[in-house]
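This report concerns only the one structure given below.
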Amino acid sequence: MNWTITYYSESVQNEILAMPAGFLARFLKYTDRMELYGPDLGMPHTRSMGEGLSELRLKAAGGIARVFYCTMIGKRIVMLHQFTKKTEKTLSRELATARRRLKEVKNAHS
């Protein structure tokens with residue numbers, strides 16, 4: 001059985017689909033791979049952020065973007081939050097948003 005990509009909400013899905021073309025192309029390429037091989041593509045494409053949270057690392061002409069995600073029972077990958085990086089370090093508010101959504105998703109399915 002392959003993995004399935006889902007989204008925290010319709011607005012998260014719309015935000016991801018509205019990313020600039022270079023980011024979106026990479027997102028679609030990597031998520032196709034994730035559906036086949038699983039959520040851990042390894043560096044430089046994916047990285048664990050701890051406590052069940054992972055990031056999909058997107059690099060394109062437009063800069064750097066991140067999409068936070070988690071995995072669920074039944075081979076489901078849930079895209080939680082996306083943002084474009086403006087600084088070297090991931091902003092704590094972006095990480096906080098992803099962690100809050102991770103808790104909501106895990107609590108809803110426990």
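Labels for the structure tokens follow display order: chains A, B, ..., residues from 1 in each chain, ligands from 1.
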
Show me, as a PyMOL selection string, the residues that have an atom within 7 Å of A:Leu102 when counting only C-alpha atoms, minus same-chain residues fewer than 3 positions from it. chain A and resi 70+80+98-99+105-106

Once you have the residues from the selection above, write them out as a PDB file, in the first residue's frame, restricted to N, CA and C atoms.
```pdb
ATOM      1  N   CYS A  70       3.254  15.673   9.326  1.00  0.00           N
ATOM      2  CA  CYS A  70       3.359  14.567  10.266  1.00  0.00           C
ATOM      3  C   CYS A  70       2.807  13.319   9.587  1.00  0.00           C
ATOM      4  N   LEU A  80       0.809  20.170   7.373  1.00  0.00           N
ATOM      5  CA  LEU A  80       0.280  21.005   8.452  1.00  0.00           C
ATOM      6  C   LEU A  80       0.406  22.506   8.212  1.00  0.00           C
ATOM      7  N   ALA A  98       2.993  24.990  13.437  1.00  0.00           N
ATOM      8  CA  ALA A  98       3.056  23.586  13.012  1.00  0.00           C
ATOM      9  C   ALA A  98       2.865  22.643  14.193  1.00  0.00           C
ATOM     10  N   ARG A  99       3.507  22.935  15.322  1.00  0.00           N
ATOM     11  CA  ARG A  99       3.392  22.063  16.496  1.00  0.00           C
ATOM     12  C   ARG A  99       1.962  22.074  17.056  1.00  0.00           C
ATOM     13  N   VAL A 105      -4.169  17.459  15.239  1.00  0.00           N
ATOM     14  CA  VAL A 105      -4.356  16.292  14.363  1.00  0.00           C
ATOM     15  C   VAL A 105      -4.211  15.004  15.157  1.00  0.00           C
ATOM     16  N   LYS A 106      -3.180  14.925  15.991  1.00  0.00           N
ATOM     17  CA  LYS A 106      -2.947  13.703  16.783  1.00  0.00           C
ATOM     18  C   LYS A 106      -4.066  13.495  17.790  1.00  0.00           C
TER      19      LYS A 106
END
```

A:Ala21: which residues within 10 Å, counting only C-alpha atoms, same-chain residues fewer than 5 positions away excluded, as number ranges by chain? A: 26-27, 60-62

So what do you get for atom CA of A:Arg57 versus atom CA of A:Glu35, distance-wise? 16.2 Å

Neighbouring residues of A:Thr4 were defined as those with any atom within 9 Å, considering only C-alpha atoms; residues of the same chain fewer than 5 positions away were excluded. Please report them as an MDAnalysis selection string. chainID A and resid 34:35 74:78

Keeping only N, CA, C and O atoms, write the selected residues as an mmCIF file, in the first residue's frame.
```cif
data_model
loop_
_atom_site.group_PDB
_atom_site.id
_atom_site.type_symbol
_atom_site.label_atom_id
_atom_site.label_comp_id
_atom_site.auth_asym_id
_atom_site.auth_seq_id
_atom_site.Cartn_x
_atom_site.Cartn_y
_atom_site.Cartn_z
ATOM 1 N N MET A 34 7.143 10.787 -1.884
ATOM 2 C CA MET A 34 6.695 10.413 -0.542
ATOM 3 C C MET A 34 5.558 9.397 -0.614
ATOM 4 O O MET A 34 5.494 8.476 0.202
ATOM 5 N N GLU A 35 4.668 9.556 -1.589
ATOM 6 C CA GLU A 35 3.562 8.605 -1.735
ATOM 7 C C GLU A 35 4.088 7.201 -2.066
ATOM 8 O O GLU A 35 3.532 6.209 -1.625
ATOM 9 N N GLY A 74 -2.031 4.242 9.158
ATOM 10 C CA GLY A 74 -2.704 4.001 7.885
ATOM 11 C C GLY A 74 -1.947 4.616 6.723
ATOM 12 O O GLY A 74 -2.526 4.878 5.672
ATOM 13 N N LYS A 75 -0.655 4.878 6.937
ATOM 14 C CA LYS A 75 0.206 5.438 5.894
ATOM 15 C C LYS A 75 -0.349 6.747 5.322
ATOM 16 O O LYS A 75 -0.495 6.923 4.129
ATOM 17 N N ARG A 76 -0.679 7.653 6.249
ATOM 18 C CA ARG A 76 -1.146 8.987 5.850
ATOM 19 C C ARG A 76 -0.116 10.023 6.231
ATOM 20 O O ARG A 76 0.412 10.003 7.336
ATOM 21 N N ILE A 77 0.139 10.953 5.327
ATOM 22 C CA ILE A 77 1.024 12.088 5.575
ATOM 23 C C ILE A 77 0.137 13.322 5.576
ATOM 24 O O ILE A 77 -0.593 13.566 4.615
ATOM 25 N N VAL A 78 0.168 14.081 6.677
ATOM 26 C CA VAL A 78 -0.677 15.271 6.800
ATOM 27 C C VAL A 78 0.195 16.521 6.709
ATOM 28 O O VAL A 78 1.075 16.735 7.540
#
```
